[in-house]
Amino acid sequence: MTIKAGFDLGSAAIKVVITEGEKIVWRGQTPTAPGQEALAKSLLDQGLGELGLKSDAVSQVAATGYGKGLCGLAEIRIDEIRANAVGLFKLSEGQARVIVNIGGQDIKIIHLDDQGRVADFKMNDKCAAGTGRFFEVTARLLDTPLSEFSRLSEDSKESVSLNSTCVVFAESEMVSLMAKGAAKGDIIKALHSSVARRVGAMMNRDNLDEGVWLDGGPATNAALAKALEDELITEVKALDKPQYTVAYGAVLSLS
Amino acid sequence: MNNTENRRDRLLKKTIEKVLAEEKELLSWLKSRSDYQAELDYFLDITAARGTAEIEARVGRPVLNLLCNQVPLELIAAAGYQPVKVASGSLAEASFAAYSWPALMCPVIKGVLTKLEIDKAALKAPWVIPTTCDWVVKFWEARKMVDPSPGEVKFLELPHFRQETESQSKWLSEVIKLKEWLETVSRQKIARKDLLEAESALARVFVAVTQLKKARQEGRLSLIWFLLVIGSLFYDLPDQWAQKVTELINKLPQTATTGPKVFLAGSPIFYPNYKLPILIEEAHLRVVADDLCSSERIFPPVGPLEDTSIHGLLASMAGRYHQGSLCPTFGDNERRVNNILGQRNEAGLVGVIFVVLKGCHPYDLESSTIEMTLKNQGLRFLRLETDYALEDRQNLLTRLEAFRHSLSGD
């Protein structure tokens, strides 16, 4: 049995995937904080413990994400764009051609060729508009867990609009909507549309005939996927556990 | 009012400290590099001492400041001036300008406006400004806010459609008027002999630049050193600079660095803002050619002179600086794409990195048309938009690493 591990040290969360062969046997995550390597190691130990394995059972470790350079445990480090492509192509059984990954502080649009290689990609510049950080700020403001966003959005009755994806301006717009008595669900639905517009602006020239795979933590939000479908006029698909795709791609990159 | 002025003065003082710290950090890092050579000290020293008074003391002639690369350098030199292209890549200088100027303004112009507050002698020197982008056109108006008593300035009305005969003759008349203006401000006639000497000196500099380009293309000279050496041209006498370049070239190692060969296009990169060149190196990409106006395109290629009369020399100059410029403010700029495609075979390019400085709208617009054309020709293309701040380093590095892997095909 060959056990391997992949770390995705992102700006918002550290994700760890343990594999046996190419099969994922354990996955876990923890919020990013100082001491990223120790946090990743602790998460890996937790996974190995739950699998009844000792720490020396892991034959190889790969790291990706913004913190990959901080991970001394890893024998290879790869950029998250390539890791995302490799992971999602495998998990989609070779179907994925366009990926929209919404990460903690960036949005990545990745185009794959029919072998799963990165054909082209785009990434937002340093503005955090429309990223996971944007959702976190909104959740705090609305005092609502992110896991509730999809359900509340689907319950929306009234149409309101958020004109900005800028974290700062959108926050003030939301405060204004709340003061006017807008329902949380209506605000969240407007938020999803706003993020979808931001993604759409990055993809306006792309060929999306074969649909889009939404990936990263916010991809668990079905209402966001629906808003993206409305904006991009194409099918938007997501994996069951989209936040682990990149860490899995890192493992697959190990020889 | 006094409090406001005091606060601004204090802020400027702090900015000067920050500028010095930025440069000190970069210089120390440059000297610690494995490819550092003692011959580079000359270029590091003249770059560090680039204040107007220091340059004038070094070269023994007065400084004439200019913006952009359409101003004929040999004409300025023939009038007895040291042509200095004023630019700034300093984050501290660009940040100080936010005190008075719009946040989304071109960082180069913001930096230059601050530089003028630090280098008072630069304010009093004469200036030549071609009307390229909006930021450059409005620069003098903004500069008057720094010092309400403007010095001598000559604007060159740049025709933005070069292929039209009318544009070419309009530009020639601008160059002729520049000669007359230079004769007025310098109080000396520019003789044919002066022009020929200045042309010859520039031709020797061109040979040195060609040597630098070849060394970079062969992987013997990194982009970072290339930018530093070529950027120092304005702070030295042409023959002295060319001699020092030859000495450097002779000492460069024969071993070449490896990595996918890429072309660097887009907005200029000025000392000490080497954020992108450093990240490009970290991603193991090798820039073998570029079309930056701060680098390879610092002045147009020099060719043989057919008509050596004064009018013939001015006409040749006008043609080269107009037709030879790849500035994105031109409405007919197909040459930029053709130049990249030409380099594809000559230098073995596999991809293009296009830099857009935030606020640099002509390059931003042109990046889209160039991207579409180059991708249709099968070249990989990466567009990076950034400014002088460092907080997007990781974001940029991720993209550069992924770009390198896409070029390697693994």
# chains A, B, ... in the order shown; residues from 1 in each chain; ligands from 1
$ interface_residues --of "chain A" --to "chain B" --cutoff "7 Å" --atoms "only C-alpha atoms" --output "PyMOL selection string"
chain A and resi 66+79+81-82+118-119+125-126
$ write_last_selection --atoms "all heavy atoms" --output "tab-separated table (two decimals), in the first residue's frame"
chain	number	residue	atom	x	y	z
A	66	TYR	N	-0.34	29.19	-1.65
A	66	TYR	CA	0.53	30.34	-1.36
A	66	TYR	C	1.61	30.00	-0.33
A	66	TYR	O	2.67	30.59	-0.32
A	66	TYR	CB	-0.31	31.51	-0.83
A	66	TYR	CG	-1.03	32.26	-1.92
A	66	TYR	CD1	-1.97	33.23	-1.61
A	66	TYR	CD2	-0.77	32.01	-3.25
A	66	TYR	CE1	-2.64	33.93	-2.60
A	66	TYR	CE2	-1.42	32.70	-4.25
A	66	TYR	CZ	-2.36	33.67	-3.92
A	66	TYR	OH	-3.00	34.35	-4.91
A	79	ASP	N	2.73	24.80	-8.40
A	79	ASP	CA	1.80	25.93	-8.34
A	79	ASP	C	0.36	25.41	-8.33
A	79	ASP	O	0.07	24.34	-8.87
A	79	ASP	CB	2.03	26.89	-9.52
A	79	ASP	CG	1.73	26.25	-10.85
A	79	ASP	OD1	0.56	26.31	-11.27
A	79	ASP	OD2	2.64	25.65	-11.45
A	81	ILE	N	-2.28	26.40	-9.80
A	81	ILE	CA	-3.01	26.36	-11.08
A	81	ILE	C	-2.85	24.98	-11.70
A	81	ILE	O	-3.82	24.34	-12.12
A	81	ILE	CB	-2.51	27.49	-12.01
A	81	ILE	CG1	-2.91	28.85	-11.42
A	81	ILE	CG2	-3.07	27.32	-13.42
A	81	ILE	CD1	-2.34	30.05	-12.12
A	82	ARG	N	-1.61	24.50	-11.74
A	82	ARG	CA	-1.38	23.18	-12.31
A	82	ARG	C	-2.00	22.10	-11.42
A	82	ARG	O	-2.60	21.14	-11.92
A	82	ARG	CB	0.12	22.94	-12.47
A	82	ARG	CG	0.43	21.71	-13.31
A	82	ARG	CD	1.84	21.72	-13.82
A	82	ARG	NE	2.82	21.76	-12.75
A	82	ARG	CZ	3.79	20.87	-12.58
A	82	ARG	NH1	3.91	19.86	-13.42
A	82	ARG	NH2	4.66	20.99	-11.61
A	118	VAL	N	-2.72	22.42	-18.60
A	118	VAL	CA	-3.16	23.82	-18.59
A	118	VAL	C	-2.91	24.42	-19.97
A	118	VAL	O	-1.78	24.50	-20.43
A	118	VAL	CB	-2.39	24.64	-17.52
A	118	VAL	CG1	-2.79	26.11	-17.58
A	118	VAL	CG2	-2.65	24.08	-16.13
A	119	ALA	N	-3.99	24.81	-20.64
A	119	ALA	CA	-3.86	25.43	-21.96
A	119	ALA	C	-3.76	26.95	-21.83
A	119	ALA	O	-3.07	27.60	-22.60
A	119	ALA	CB	-5.04	25.06	-22.84
A	125	ASP	N	-6.25	40.34	-10.32
A	125	ASP	CA	-5.11	41.05	-9.75
A	125	ASP	C	-5.34	41.17	-8.25
A	125	ASP	O	-6.16	40.47	-7.71
A	125	ASP	CB	-4.94	42.39	-10.46
A	125	ASP	CG	-4.61	42.15	-11.93
A	125	ASP	OD1	-3.66	41.40	-12.19
A	125	ASP	OD2	-5.34	42.66	-12.80
A	126	LYS	N	-4.60	42.05	-7.60
A	126	LYS	CA	-4.57	41.94	-6.15
A	126	LYS	C	-5.87	42.32	-5.43
A	126	LYS	O	-5.97	42.11	-4.24
A	126	LYS	CB	-3.39	42.70	-5.59
A	126	LYS	CG	-3.34	44.15	-5.92
A	126	LYS	CD	-2.00	44.69	-5.46
A	126	LYS	CE	-1.84	46.12	-5.86
A	126	LYS	NZ	-0.51	46.62	-5.57
$ residues_around --residues "region 118-120 of chain B" --least-positions-apart "5" --cutoff "12 Å" --atoms "only C-alpha atoms" --output "PDB file with N, CA, C and O atoms, in the first residue's frame"
ATOM      1  N   ASP B   9       6.372  68.665   4.304  1.00  0.00           N
ATOM      2  CA  ASP B   9       7.842  68.634   4.327  1.00  0.00           C
ATOM      3  C   ASP B   9       8.345  67.407   5.085  1.00  0.00           C
ATOM      4  O   ASP B   9       9.310  66.764   4.682  1.00  0.00           O
ATOM      5  N   LEU B  11       6.744  64.661   5.495  1.00  0.00           N
ATOM      6  CA  LEU B  11       6.429  63.478   4.678  1.00  0.00           C
ATOM      7  C   LEU B  11       7.477  63.296   3.572  1.00  0.00           C
ATOM      8  O   LEU B  11       7.920  62.179   3.288  1.00  0.00           O
ATOM      9  N   LEU B  12       7.881  64.416   2.999  1.00  0.00           N
ATOM     10  CA  LEU B  12       8.894  64.343   1.927  1.00  0.00           C
ATOM     11  C   LEU B  12      10.226  63.847   2.487  1.00  0.00           C
ATOM     12  O   LEU B  12      10.910  63.031   1.865  1.00  0.00           O
ATOM     13  N   LYS B  13      10.554  64.319   3.681  1.00  0.00           N
ATOM     14  CA  LYS B  13      11.804  63.896   4.321  1.00  0.00           C
ATOM     15  C   LYS B  13      11.776  62.377   4.551  1.00  0.00           C
ATOM     16  O   LYS B  13      12.751  61.671   4.280  1.00  0.00           O
ATOM     17  N   LYS B  14      10.641  61.919   5.026  1.00  0.00           N
ATOM     18  CA  LYS B  14      10.491  60.474   5.274  1.00  0.00           C
ATOM     19  C   LYS B  14      10.567  59.710   3.950  1.00  0.00           C
ATOM     20  O   LYS B  14      11.123  58.611   3.880  1.00  0.00           O
ATOM     21  N   THR B  15       9.984  60.303   2.909  1.00  0.00           N
ATOM     22  CA  THR B  15      10.012  59.649   1.594  1.00  0.00           C
ATOM     23  C   THR B  15      11.448  59.499   1.102  1.00  0.00           C
ATOM     24  O   THR B  15      11.822  58.446   0.574  1.00  0.00           O
ATOM     25  N   ILE B  16      12.249  60.537   1.304  1.00  0.00           N
ATOM     26  CA  ILE B  16      13.660  60.467   0.881  1.00  0.00           C
ATOM     27  C   ILE B  16      14.355  59.308   1.614  1.00  0.00           C
ATOM     28  O   ILE B  16      15.104  58.535   1.012  1.00  0.00           O
ATOM     29  N   GLU B  17      14.063  59.179   2.908  1.00  0.00           N
ATOM     30  CA  GLU B  17      14.661  58.064   3.676  1.00  0.00           C
ATOM     31  C   GLU B  17      14.220  56.726   3.100  1.00  0.00           C
ATOM     32  O   GLU B  17      15.011  55.796   2.968  1.00  0.00           O
ATOM     33  N   VAL B  19      13.201  56.108   0.006  1.00  0.00           N
ATOM     34  CA  VAL B  19      13.819  55.905  -1.322  1.00  0.00           C
ATOM     35  C   VAL B  19      15.223  55.343  -1.137  1.00  0.00           C
ATOM     36  O   VAL B  19      15.623  54.370  -1.792  1.00  0.00           O
ATOM     37  N   LEU B  20      15.974  55.933  -0.208  1.00  0.00           N
ATOM     38  CA  LEU B  20      17.349  55.472   0.036  1.00  0.00           C
ATOM     39  C   LEU B  20      17.340  54.029   0.553  1.00  0.00           C
ATOM     40  O   LEU B  20      18.175  53.215   0.145  1.00  0.00           O
ATOM     41  N   ALA B  49      24.247  57.367  -8.142  1.00  0.00           N
ATOM     42  CA  ALA B  49      24.538  58.813  -8.142  1.00  0.00           C
ATOM     43  C   ALA B  49      23.943  59.443  -9.396  1.00  0.00           C
ATOM     44  O   ALA B  49      24.657  59.850 -10.304  1.00  0.00           O
ATOM     45  N   ARG B  50      22.620  59.494  -9.470  1.00  0.00           N
ATOM     46  CA  ARG B  50      21.973  59.976 -10.698  1.00  0.00           C
ATOM     47  C   ARG B  50      21.211  61.282 -10.489  1.00  0.00           C
ATOM     48  O   ARG B  50      20.329  61.627 -11.275  1.00  0.00           O
ATOM     49  N   GLY B  51      21.541  61.997  -9.436  1.00  0.00           N
ATOM     50  CA  GLY B  51      20.970  63.336  -9.253  1.00  0.00           C
ATOM     51  C   GLY B  51      21.526  64.255 -10.339  1.00  0.00           C
ATOM     52  O   GLY B  51      22.626  64.014 -10.853  1.00  0.00           O
ATOM     53  N   THR B  52      20.787  65.293 -10.671  1.00  0.00           N
ATOM     54  CA  THR B  52      21.197  66.183 -11.767  1.00  0.00           C
ATOM     55  C   THR B  52      22.608  66.741 -11.550  1.00  0.00           C
ATOM     56  O   THR B  52      23.442  66.709 -12.463  1.00  0.00           O
ATOM     57  N   ALA B  53      22.870  67.224 -10.343  1.00  0.00           N
ATOM     58  CA  ALA B  53      24.189  67.820 -10.075  1.00  0.00           C
ATOM     59  C   ALA B  53      25.288  66.765 -10.213  1.00  0.00           C
ATOM     60  O   ALA B  53      26.372  67.055 -10.741  1.00  0.00           O
ATOM     61  N   GLU B  54      25.013  65.561  -9.740  1.00  0.00           N
ATOM     62  CA  GLU B  54      26.024  64.489  -9.814  1.00  0.00           C
ATOM     63  C   GLU B  54      26.311  64.110 -11.267  1.00  0.00           C
ATOM     64  O   GLU B  54      27.455  63.896 -11.655  1.00  0.00           O
ATOM     65  N   ILE B  55      25.242  64.044 -12.074  1.00  0.00           N
ATOM     66  CA  ILE B  55      25.434  63.699 -13.491  1.00  0.00           C
ATOM     67  C   ILE B  55      26.253  64.788 -14.182  1.00  0.00           C
ATOM     68  O   ILE B  55      27.213  64.507 -14.904  1.00  0.00           O
ATOM     69  N   VAL B  86      13.966  61.027 -17.645  1.00  0.00           N
ATOM     70  CA  VAL B  86      13.593  61.025 -16.233  1.00  0.00           C
ATOM     71  C   VAL B  86      12.502  59.991 -16.020  1.00  0.00           C
ATOM     72  O   VAL B  86      11.489  59.976 -16.728  1.00  0.00           O
ATOM     73  N   ALA B  92       8.338  54.354  -2.941  1.00  0.00           N
ATOM     74  CA  ALA B  92       8.232  55.474  -1.997  1.00  0.00           C
ATOM     75  C   ALA B  92       7.907  56.767  -2.748  1.00  0.00           C
ATOM     76  O   ALA B  92       7.069  57.557  -2.294  1.00  0.00           O
ATOM     77  N   GLU B  93       8.544  56.979  -3.898  1.00  0.00           N
ATOM     78  CA  GLU B  93       8.281  58.202  -4.671  1.00  0.00           C
ATOM     79  C   GLU B  93       6.855  58.198  -5.227  1.00  0.00           C
ATOM     80  O   GLU B  93       6.167  59.219  -5.183  1.00  0.00           O
ATOM     81  N   PHE B  96       4.395  58.879  -2.310  1.00  0.00           N
ATOM     82  CA  PHE B  96       4.358  60.274  -1.844  1.00  0.00           C
ATOM     83  C   PHE B  96       3.450  61.112  -2.738  1.00  0.00           C
ATOM     84  O   PHE B  96       2.739  61.999  -2.273  1.00  0.00           O
ATOM     85  N   ALA B  97       3.458  60.798  -4.034  1.00  0.00           N
ATOM     86  CA  ALA B  97       2.660  61.583  -4.974  1.00  0.00           C
ATOM     87  C   ALA B  97       1.165  61.467  -4.689  1.00  0.00           C
ATOM     88  O   ALA B  97       0.387  62.349  -5.071  1.00  0.00           O
ATOM     89  N   GLY B 111       5.929  58.994  -9.695  1.00  0.00           N
ATOM     90  CA  GLY B 111       7.286  58.907  -9.164  1.00  0.00           C
ATOM     91  C   GLY B 111       8.150  60.063  -9.628  1.00  0.00           C
ATOM     92  O   GLY B 111       8.928  60.623  -8.853  1.00  0.00           O
ATOM     93  N   VAL B 112       7.999  60.442 -10.893  1.00  0.00           N
ATOM     94  CA  VAL B 112       8.811  61.540 -11.441  1.00  0.00           C
ATOM     95  C   VAL B 112       8.459  62.856 -10.740  1.00  0.00           C
ATOM     96  O   VAL B 112       9.338  63.654 -10.405  1.00  0.00           O
ATOM     97  N   LEU B 113       7.170  63.074 -10.491  1.00  0.00           N
ATOM     98  CA  LEU B 113       6.765  64.314  -9.815  1.00  0.00           C
ATOM     99  C   LEU B 113       7.397  64.411  -8.432  1.00  0.00           C
ATOM    100  O   LEU B 113       7.813  65.488  -7.994  1.00  0.00           O
ATOM    101  N   ALA B 125      16.435  72.454 -14.957  1.00  0.00           N
ATOM    102  CA  ALA B 125      17.021  72.067 -16.249  1.00  0.00           C
ATOM    103  C   ALA B 125      15.957  72.182 -17.342  1.00  0.00           C
ATOM    104  O   ALA B 125      14.760  72.127 -17.063  1.00  0.00           O
ATOM    105  N   ARG B 143       3.606  69.401 -13.074  1.00  0.00           N
ATOM    106  CA  ARG B 143       4.936  69.805 -12.631  1.00  0.00           C
ATOM    107  C   ARG B 143       4.940  71.246 -12.138  1.00  0.00           C
ATOM    108  O   ARG B 143       5.658  71.607 -11.211  1.00  0.00           O
ATOM    109  N   VAL B 146       4.452  71.653  -8.580  1.00  0.00           N
ATOM    110  CA  VAL B 146       5.630  71.415  -7.746  1.00  0.00           C
ATOM    111  C   VAL B 146       6.463  72.695  -7.671  1.00  0.00           C
ATOM    112  O   VAL B 146       7.004  73.052  -6.647  1.00  0.00           O
ATOM    113  N   ASP B 147       6.574  73.386  -8.807  1.00  0.00           N
ATOM    114  CA  ASP B 147       7.336  74.640  -8.863  1.00  0.00           C
ATOM    115  C   ASP B 147       6.614  75.566  -9.839  1.00  0.00           C
ATOM    116  O   ASP B 147       6.634  75.345 -11.046  1.00  0.00           O
ATOM    117  N   GLY B 151      10.588  76.109 -15.904  1.00  0.00           N
ATOM    118  CA  GLY B 151      11.813  76.314 -16.660  1.00  0.00           C
ATOM    119  C   GLY B 151      11.499  76.208 -18.143  1.00  0.00           C
ATOM    120  O   GLY B 151      10.339  76.289 -18.560  1.00  0.00           O
TER     121      GLY B 151
END
$ atom_distance --atom1 "CA of Val137 (chain A)" --atom2 "CA of Thr30 (chain A)"
18.3 Å
$ select_by_dssp --residues "region 33-230 of chain A" --states "strand (DSSP E)" --output "JSON, numbers by chain"
{"A": [58, 59, 60, 61, 62, 63, 64, 76, 77, 98, 99, 100, 101, 102, 107, 108, 109, 110, 111, 112, 118, 119, 120, 121, 122, 123, 212, 213, 214, 215]}
$ select_by_dssp --residues "region 42-165 of chain A" --states "alpha helix (DSSP H)" --output "number ranges by chain"
A: 42-50, 80-91, 132-142, 149-154
$ atom_distance --atom1 "CA of Phe206 (chain B)" --atom2 "CA of Val71 (chain B)"
16.0 Å
$ residues_around --residues "Arg27 (chain A)" --least-positions-apart "5" --cutoff "8 Å" --atoms "only C-alpha atoms" --output "ChimeraX atom specification"
/A:15-18,47,244
$ write_last_selection --atoms "C-alpha atoms" --output "CSV table (one decimal), in the first residue's frame"
chain,number,residue,atom,x,y,z
A,15,LYS,CA,-6.2,21.4,3.2
A,16,VAL,CA,-4.7,17.9,3.5
A,17,VAL,CA,-5.5,14.9,1.3
A,18,ILE,CA,-4.2,11.4,2.0
A,47,GLY,CA,-5.7,11.8,9.3
A,244,TYR,CA,-9.8,19.4,-1.7
$ atom_distance --atom1 "CA of Tyr274 (chain B)" --atom2 "CA of Gly351 (chain B)"
20.4 Å
$ residues_around --residues "Lys68 (chain A)" --least-positions-apart "3" --cutoff "10 Å" --atoms "only C-alpha atoms" --output "ChimeraX atom specification"
/A:7-10,36-37,62-65,71-74,76-80
